[in-house]
file my_file16.tsv (TSV, N, CA and C atoms)
chain	number	residue	atom	x	y	z
A	138	MET	N	69.17	-16.77	-42.49
A	138	MET	CA	68.57	-15.96	-41.50
A	138	MET	C	68.59	-14.51	-41.91
A	139	SER	N	67.50	-13.92	-41.61
A	139	SER	CA	67.43	-12.53	-42.02
A	139	SER	C	67.67	-11.64	-40.83
A	140	THR	N	68.16	-10.55	-41.07
A	140	THR	CA	68.44	-9.62	-40.00
A	140	THR	C	67.33	-8.58	-39.93
A	141	VAL	N	67.00	-8.20	-38.74
A	141	VAL	CA	65.95	-7.21	-38.54
A	141	VAL	C	66.62	-5.87	-38.37
A	142	THR	N	66.19	-4.98	-39.18
A	142	THR	CA	66.78	-3.66	-39.13
A	142	THR	C	66.03	-2.77	-38.15
A	143	GLU	N	66.68	-1.71	-37.85
A	143	GLU	CA	66.09	-0.76	-36.92
A	143	GLU	C	64.82	-0.15	-37.50
A	144	ASN	N	64.77	0.01	-38.77
A	144	ASN	CA	63.61	0.55	-39.48
A	144	ASN	C	62.41	-0.40	-39.33
A	145	ASP	N	62.65	-1.69	-39.48
A	145	ASP	CA	61.58	-2.68	-39.33
A	145	ASP	C	61.02	-2.68	-37.91
A	146	LEU	N	61.93	-2.55	-36.96
A	146	LEU	CA	61.49	-2.53	-35.56
A	146	LEU	C	60.64	-1.29	-35.28
A	147	ARG	N	61.02	-0.16	-35.85
A	147	ARG	CA	60.25	1.07	-35.68
A	147	ARG	C	58.87	0.93	-36.31
A	148	GLU	N	58.82	0.32	-37.48
A	148	GLU	CA	57.53	0.11	-38.14
A	148	GLU	C	56.62	-0.78	-37.29
A	149	LEU	N	57.21	-1.84	-36.74
A	149	LEU	CA	56.43	-2.72	-35.87
A	149	LEU	C	55.95	-1.97	-34.62
A	150	LYS	N	56.84	-1.19	-34.07
A	150	LYS	CA	56.48	-0.41	-32.87
A	150	LYS	C	55.37	0.58	-33.19
A	151	ASP	N	55.48	1.26	-34.32
A	151	ASP	CA	54.44	2.21	-34.74
A	151	ASP	C	53.11	1.49	-35.00
A	152	LEU	N	53.18	0.32	-35.61
A	152	LEU	CA	51.97	-0.46	-35.89
A	152	LEU	C	51.30	-0.88	-34.58
A	153	ILE	N	52.10	-1.36	-33.64
A	153	ILE	CA	51.57	-1.78	-32.34
A	153	ILE	C	50.97	-0.57	-31.61
A	154	ASN	N	51.67	0.55	-31.63
A	154	ASN	CA	51.17	1.76	-30.98
A	154	ASN	C	49.87	2.25	-31.62
A	155	SER	N	49.81	2.19	-32.95
A	155	SER	CA	48.58	2.65	-33.63
A	155	SER	C	47.41	1.73	-33.29
A	156	ARG	N	47.67	0.43	-33.19
A	156	ARG	CA	46.61	-0.52	-32.82
A	156	ARG	C	46.14	-0.27	-31.38
A	157	PHE	N	47.09	-0.01	-30.50
A	157	PHE	CA	46.72	0.29	-29.11
A	157	PHE	C	45.92	1.58	-29.04
A	158	ASN	N	46.32	2.58	-29.82
A	158	ASN	CA	45.58	3.84	-29.83
A	158	ASN	C	44.16	3.63	-30.36
A	159	GLU	N	44.04	2.82	-31.41
A	159	GLU	CA	42.74	2.50	-31.97
A	159	GLU	C	41.86	1.79	-30.94
A	160	LEU	N	42.47	0.81	-30.28
A	160	LEU	CA	41.76	0.06	-29.26
A	160	LEU	C	41.34	0.97	-28.11
A	161	GLU	N	42.21	1.90	-27.74
A	161	GLU	CA	41.92	2.83	-26.67
A	161	GLU	C	40.74	3.73	-27.05
A	162	ARG	N	40.71	4.19	-28.30
A	162	ARG	CA	39.60	5.02	-28.77
A	162	ARG	C	38.28	4.25	-28.75
A	163	LYS	N	38.34	3.01	-29.17
A	163	LYS	CA	37.12	2.19	-29.16
A	163	LYS	C	36.63	1.97	-27.72
A	164	ILE	N	37.56	1.72	-26.83
A	164	ILE	CA	37.18	1.52	-25.42
A	164	ILE	C	36.60	2.81	-24.85
A	165	ASP	N	37.20	3.96	-25.20
A	165	ASP	CA	36.65	5.24	-24.74
A	165	ASP	C	35.24	5.45	-25.28
A	166	GLY	N	35.00	5.10	-26.55
A	166	GLY	CA	33.66	5.22	-27.14
A	166	GLY	C	32.65	4.35	-26.42
A	167	VAL	N	33.05	3.11	-26.14
A	167	VAL	CA	32.15	2.21	-25.42
A	167	VAL	C	31.91	2.73	-24.01
A	168	ASP	N	32.94	3.27	-23.38
A	168	ASP	CA	32.82	3.82	-22.03
A	168	ASP	C	31.83	4.99	-22.02
A	169	LYS	N	31.92	5.86	-23.04
A	169	LYS	CA	30.99	7.00	-23.12
A	169	LYS	C	29.57	6.50	-23.31
A	170	LYS	N	29.39	5.51	-24.19
A	170	LYS	CA	28.05	4.95	-24.41
A	170	LYS	C	27.51	4.34	-23.11
A	171	LEU	N	28.37	3.65	-22.41
A	171	LEU	CA	27.95	3.05	-21.13
A	171	LEU	C	27.54	4.12	-20.13
A	172	ASP	N	28.31	5.20	-20.07
A	172	ASP	CA	27.97	6.30	-19.17
A	172	ASP	C	26.60	6.88	-19.52
A	173	ILE	N	26.34	7.05	-20.81
A	173	ILE	CA	25.05	7.57	-21.26
A	173	ILE	C	23.92	6.63	-20.85
A	174	HIS	N	24.12	5.34	-21.05
A	174	HIS	CA	23.10	4.36	-20.69
A	174	HIS	C	22.89	4.31	-19.17
A	175	ILE	N	23.94	4.47	-18.43
A	175	ILE	CA	23.83	4.47	-16.96
A	175	ILE	C	23.00	5.68	-16.51
A	176	VAL	N	23.27	6.84	-17.12
A	176	VAL	CA	22.52	8.04	-16.76
A	176	VAL	C	21.04	7.87	-17.11
A	177	ARG	N	20.76	7.32	-18.30
A	177	ARG	CA	19.37	7.09	-18.70
A	177	ARG	C	18.68	6.11	-17.75
A	178	THR	N	19.39	5.06	-17.40
A	178	THR	CA	18.82	4.06	-16.49
A	178	THR	C	18.54	4.68	-15.13
A	179	ASP	N	19.45	5.52	-14.65
A	179	ASP	CA	19.22	6.19	-13.37
A	179	ASP	C	17.99	7.09	-13.43
A	180	GLU	N	17.82	7.82	-14.54
A	180	GLU	CA	16.66	8.68	-14.70
A	180	GLU	C	15.37	7.86	-14.72
A	181	GLN	N	15.40	6.74	-15.44
A	181	GLN	CA	14.22	5.88	-15.50
A	181	GLN	C	13.90	5.30	-14.13
A	182	LEU	N	14.94	4.93	-13.39
A	182	LEU	CA	14.75	4.39	-12.06
A	182	LEU	C	14.14	5.44	-11.13
A	183	LYS	N	14.61	6.68	-11.24
A	183	LYS	CA	14.04	7.76	-10.43
A	183	LYS	C	12.57	7.97	-10.79
A	184	ALA	N	12.26	7.93	-12.09
A	184	ALA	CA	10.87	8.11	-12.52
A	184	ALA	C	10.00	6.98	-11.98
A	185	ILE	N	10.50	5.76	-12.01
A	185	ILE	CA	9.75	4.62	-11.47
A	185	ILE	C	9.54	4.78	-9.97
A	186	ASN	N	10.58	5.19	-9.27
A	186	ASN	CA	10.45	5.40	-7.82
A	186	ASN	C	9.44	6.49	-7.50
A	187	ASN	N	9.43	7.56	-8.30
A	187	ASN	CA	8.45	8.64	-8.10
A	187	ASN	C	7.04	8.13	-8.33
A	188	THR	N	6.87	7.32	-9.37
A	188	THR	CA	5.56	6.76	-9.67
A	188	THR	C	5.09	5.86	-8.54
A	189	ILE	N	5.99	5.04	-8.02
A	189	ILE	CA	5.64	4.15	-6.90
A	189	ILE	C	5.27	4.97	-5.67
A	190	ALA	N	6.00	6.04	-5.41
A	190	ALA	CA	5.70	6.89	-4.25
A	190	ALA	C	4.31	7.53	-4.40
A	191	GLN	N	3.99	8.00	-5.61
A	191	GLN	CA	2.68	8.59	-5.84
A	191	GLN	C	1.57	7.56	-5.67
A	192	MET	N	1.82	6.34	-6.17
A	192	MET	CA	0.83	5.28	-6.02
A	192	MET	C	0.64	4.92	-4.55
A	193	ASP	N	1.71	4.92	-3.78
A	193	ASP	CA	1.61	4.65	-2.35
A	193	ASP	C	0.76	5.71	-1.66
A	194	LYS	N	0.97	6.98	-2.02
A	194	LYS	CA	0.19	8.07	-1.44
A	194	LYS	C	-1.29	7.90	-1.77
A	195	ARG	N	-1.58	7.59	-3.04
A	195	ARG	CA	-2.98	7.41	-3.45
A	195	ARG	C	-3.61	6.24	-2.71
A	196	THR	N	-2.86	5.15	-2.59
A	196	THR	CA	-3.38	3.98	-1.90
A	196	THR	C	-3.65	4.30	-0.44
A	197	ASP	N	-2.73	5.01	0.20
A	197	ASP	CA	-2.93	5.40	1.60
A	197	ASP	C	-4.17	6.28	1.74
A	198	GLN	N	-4.36	7.21	0.81
A	198	GLN	CA	-5.53	8.08	0.87
A	198	GLN	C	-6.81	7.26	0.72
A	199	ARG	N	-6.79	6.30	-0.21
A	199	ARG	CA	-7.99	5.48	-0.42
A	199	ARG	C	-8.27	4.62	0.81
A	200	PHE	N	-7.23	4.08	1.43
A	200	PHE	CA	-7.44	3.31	2.65
A	200	PHE	C	-8.00	4.18	3.76
A	201	ASP	N	-7.49	5.40	3.86
A	201	ASP	CA	-8.01	6.32	4.88
A	201	ASP	C	-9.48	6.63	4.64
A	202	GLU	N	-9.83	6.88	3.36
A	202	GLU	CA	-11.23	7.14	3.03
A	202	GLU	C	-12.11	5.93	3.34
A	203	THR	N	-11.62	4.75	3.01
A	203	THR	CA	-12.38	3.54	3.29
A	203	THR	C	-12.56	3.33	4.78
A	204	ASN	N	-11.50	3.56	5.55
A	204	ASN	CA	-11.60	3.43	7.00
A	204	ASN	C	-12.59	4.44	7.57
A	205	LYS	N	-12.60	5.64	7.01
A	205	LYS	CA	-13.54	6.66	7.47
A	205	LYS	C	-14.98	6.22	7.19
A	206	ARG	N	-15.19	5.63	6.02
A	206	ARG	CA	-16.53	5.14	5.68
A	206	ARG	C	-16.95	4.04	6.64
A	207	PHE	N	-16.03	3.14	6.96
A	207	PHE	CA	-16.35	2.07	7.91
A	207	PHE	C	-16.69	2.66	9.28
A	208	ASP	N	-15.93	3.66	9.70
A	208	ASP	CA	-16.21	4.29	10.98
A	208	ASP	C	-17.60	4.94	10.99
A	209	ASP	N	-17.93	5.62	9.89
A	209	ASP	CA	-19.26	6.24	9.78
A	209	ASP	C	-20.36	5.17	9.83
A	210	THR	N	-20.13	4.07	9.13
A	210	THR	CA	-21.11	2.99	9.13
A	210	THR	C	-21.25	2.40	10.53
A	211	ASN	N	-20.13	2.23	11.22
A	211	ASN	CA	-20.19	1.71	12.59
A	211	ASN	C	-20.95	2.65	13.51
A	212	LYS	N	-20.77	3.97	13.32
A	212	LYS	CA	-21.50	4.93	14.13
A	212	LYS	C	-23.00	4.82	13.88
A	213	ARG	N	-23.39	4.65	12.61
A	213	ARG	CA	-24.81	4.50	12.27
A	213	ARG	C	-25.37	3.23	12.91
A	214	ILE	N	-24.61	2.15	12.82
A	214	ILE	CA	-25.06	0.89	13.41
A	214	ILE	C	-25.19	1.05	14.92
A	215	ASP	N	-24.25	1.73	15.55
A	215	ASP	CA	-24.33	1.96	16.99
A	215	ASP	C	-25.58	2.76	17.34
A	216	GLY	N	-25.90	3.74	16.52
A	216	GLY	CA	-27.11	4.54	16.74
A	216	GLY	C	-28.36	3.70	16.63
A	217	VAL	N	-28.40	2.84	15.62
A	217	VAL	CA	-29.55	1.95	15.45
A	217	VAL	C	-29.64	0.99	16.63
A	218	ASN	N	-28.49	0.47	17.07
A	218	ASN	CA	-28.49	-0.44	18.22
A	218	ASN	C	-29.00	0.27	19.48
A	219	ALA	N	-28.61	1.51	19.67
A	219	ALA	CA	-29.06	2.26	20.85
A	219	ALA	C	-30.58	2.45	20.81
A	220	ARG	N	-31.10	2.79	19.62
A	220	ARG	CA	-32.55	2.96	19.49
A	220	ARG	C	-33.28	1.64	19.73
A	221	LEU	N	-32.73	0.58	19.16
A	221	LEU	CA	-33.35	-0.74	19.32
A	221	LEU	C	-33.32	-1.17	20.79
A	222	ASN	N	-32.20	-0.89	21.46
A	222	ASN	CA	-32.12	-1.22	22.88
A	222	ASN	C	-33.15	-0.43	23.68
A	223	THR	N	-33.34	0.82	23.36
A	223	THR	CA	-34.31	1.65	24.06
A	223	THR	C	-35.73	1.11	23.85
A	224	ILE	N	-36.04	0.77	22.61
A	224	ILE	CA	-37.36	0.23	22.31
A	224	ILE	C	-37.56	-1.10	23.03
A	225	THR	N	-36.53	-1.95	23.01
A	225	THR	CA	-36.64	-3.26	23.67
A	225	THR	C	-36.84	-3.09	25.17
A	226	LEU	N	-36.07	-2.19	25.78
A	226	LEU	CA	-36.23	-1.96	27.22
A	226	LEU	C	-37.63	-1.41	27.54
A	227	GLY	N	-38.11	-0.53	26.72
A	227	GLY	CA	-39.46	0.02	26.94
A	227	GLY	C	-40.52	-1.06	26.82
A	228	PHE	N	-40.41	-1.89	25.79
A	228	PHE	CA	-41.37	-2.96	25.59
A	228	PHE	C	-41.33	-3.95	26.75
A	229	LEU	N	-40.12	-4.35	27.14
A	229	LEU	CA	-39.99	-5.29	28.25
A	229	LEU	C	-40.49	-4.68	29.56
A	230	SER	N	-40.34	-3.39	29.74
A	230	SER	CA	-40.86	-2.72	30.94
A	230	SER	C	-42.37	-2.79	30.97
A	231	ILE	N	-43.00	-2.50	29.84
A	231	ILE	CA	-44.46	-2.55	29.75
A	231	ILE	C	-44.95	-3.97	30.01
A	232	VAL	N	-44.30	-4.96	29.39
A	232	VAL	CA	-44.68	-6.35	29.59
A	232	VAL	C	-44.49	-6.73	31.05
A	233	GLY	N	-43.41	-6.30	31.67
A	233	GLY	CA	-43.18	-6.60	33.09
A	233	GLY	C	-44.26	-6.01	33.98
A	234	ILE	N	-44.65	-4.78	33.68
A	234	ILE	CA	-45.71	-4.14	34.48
A	234	ILE	C	-47.03	-4.90	34.32
A	235	LEU	N	-47.34	-5.27	33.07
A	235	LEU	CA	-48.58	-6.01	32.83
A	235	LEU	C	-48.57	-7.37	33.53
A	236	VAL	N	-47.44	-8.07	33.46
A	236	VAL	CA	-47.33	-9.38	34.10
A	236	VAL	C	-47.45	-9.22	35.62
A	237	THR	N	-46.83	-8.21	36.16
A	237	THR	CA	-46.93	-7.97	37.61
A	237	THR	C	-48.38	-7.68	37.99
A	238	GLY	N	-49.05	-6.91	37.21
A	238	GLY	CA	-50.46	-6.60	37.48
A	238	GLY	C	-51.32	-7.85	37.41
A	239	LEU	N	-51.11	-8.65	36.36
A	239	LEU	CA	-51.88	-9.89	36.22
A	239	LEU	C	-51.61	-10.84	37.39
A	240	LEU	N	-50.34	-10.95	37.79
A	240	LEU	CA	-50.02	-11.81	38.93
A	240	LEU	C	-50.69	-11.28	40.20
A	241	GLY	N	-50.73	-9.99	40.34
A	241	GLY	CA	-51.42	-9.40	41.51
A	241	GLY	C	-52.89	-9.74	41.51
A	242	ILE	N	-53.55	-9.63	40.34
A	242	ILE	CA	-54.98	-9.94	40.23
A	242	ILE	C	-55.22	-11.42	40.50
A	243	VAL	N	-54.38	-12.29	39.90
A	243	VAL	CA	-54.53	-13.73	40.10
A	243	VAL	C	-54.31	-14.07	41.57
A	244	THR	N	-53.32	-13.48	42.18
A	244	THR	CA	-53.04	-13.75	43.59
A	244	THR	C	-54.22	-13.32	44.47
A	245	LYS	N	-54.79	-12.18	44.18
A	245	LYS	CA	-55.93	-11.69	44.97
A	245	LYS	C	-57.12	-12.63	44.82
A	246	VAL	N	-57.36	-13.10	43.57
A	246	VAL	CA	-58.49	-13.97	43.34
A	246	VAL	C	-58.27	-15.32	44.03
A	247	VAL	N	-57.06	-15.84	43.98
A	247	VAL	CA	-56.80	-17.16	44.55
A	247	VAL	C	-56.75	-17.11	46.07
A	248	PHE	N	-56.05	-16.18	46.65
A	248	PHE	CA	-55.87	-16.14	48.09
A	248	PHE	C	-56.99	-15.42	48.82
A	249	PHE	N	-57.62	-14.49	48.18
A	249	PHE	CA	-58.70	-13.73	48.83
A	249	PHE	C	-59.97	-13.81	47.97
A	250	PRO	N	-60.62	-14.95	47.98
A	250	PRO	CA	-61.85	-15.06	47.17
A	250	PRO	C	-62.97	-14.21	47.77
A	251	ASN	N	-63.98	-13.90	46.99
A	251	ASN	CA	-65.10	-13.09	47.45
A	251	ASN	C	-65.98	-13.96	48.37
A	252	PRO	N	-66.36	-13.39	49.54
A	252	PRO	CA	-67.20	-14.18	50.45
A	252	PRO	C	-68.62	-14.25	50.03
call {"tool": "encode", "arguments": {"input": "my_file16.tsv", "output": "structure tokens"}}
result
Amino acid sequence: MSTVTENDLRELKDLINSRFNELERKIDGVDKKLDIHIVRTDEQLKAINNTIAQMDKRTDQRFDETNKRFDDTNKRIDGVNARLNTITLGFLSIVGILVTGLLGIVTKVVFFPNP
């Protein structure tokens, strides 16, 4: 059996400590890289959110413009309908007057013939 000297134990302790220090440095390096990637990802996410917000604004504007066009078209159609209704009422009034006149003439001829 061999005996372990105090010197050997110190060497082992120093070796273990140096390995832990090395491992700690590597972990710190990875942590820094992760922090950098997190910051980049956050910036990209903000840029994407800004782009989406701008696209939403544009889409809303286009919908508003389209709705305005539909409203204008509906107003034009209403105007045409009003004119058509006026013409129809006028035509039907004239036809009604003519029919009433003809019925009056027919009634006079049938009920009051010439002697």
call {"tool": "axis_aligned_box", "arguments": {"input": "my_file16.tsv", "around": "region 236-252 of chain A", "padding_each_side": "5 Å", "output": "AutoDock Vina command-line options"}}
result
--center_x -57.7 --center_y -11.9 --center_z 42.0 --size_x 31.8 --size_y 20.6 --size_z 27.0
call {"tool": "atom_distance", "arguments": {"input": "my_file16.tsv", "atom1": "atom N of Glu180 (chain A)", "atom2": "atom C of Arg162 (chain A)"}}
result
25.2 Å
call {"tool": "atom_distance", "arguments": {"input": "my_file16.tsv", "atom1": "CA of Asp209 (chain A)", "atom2": "atom C of Gly227 (chain A)"}}
result
28.2 Å
call {"tool": "atom_distance", "arguments": {"input": "my_file16.tsv", "atom1": "CA of Thr203 (chain A)", "atom2": "CA of Asn187 (chain A)"}}
result
24.3 Å
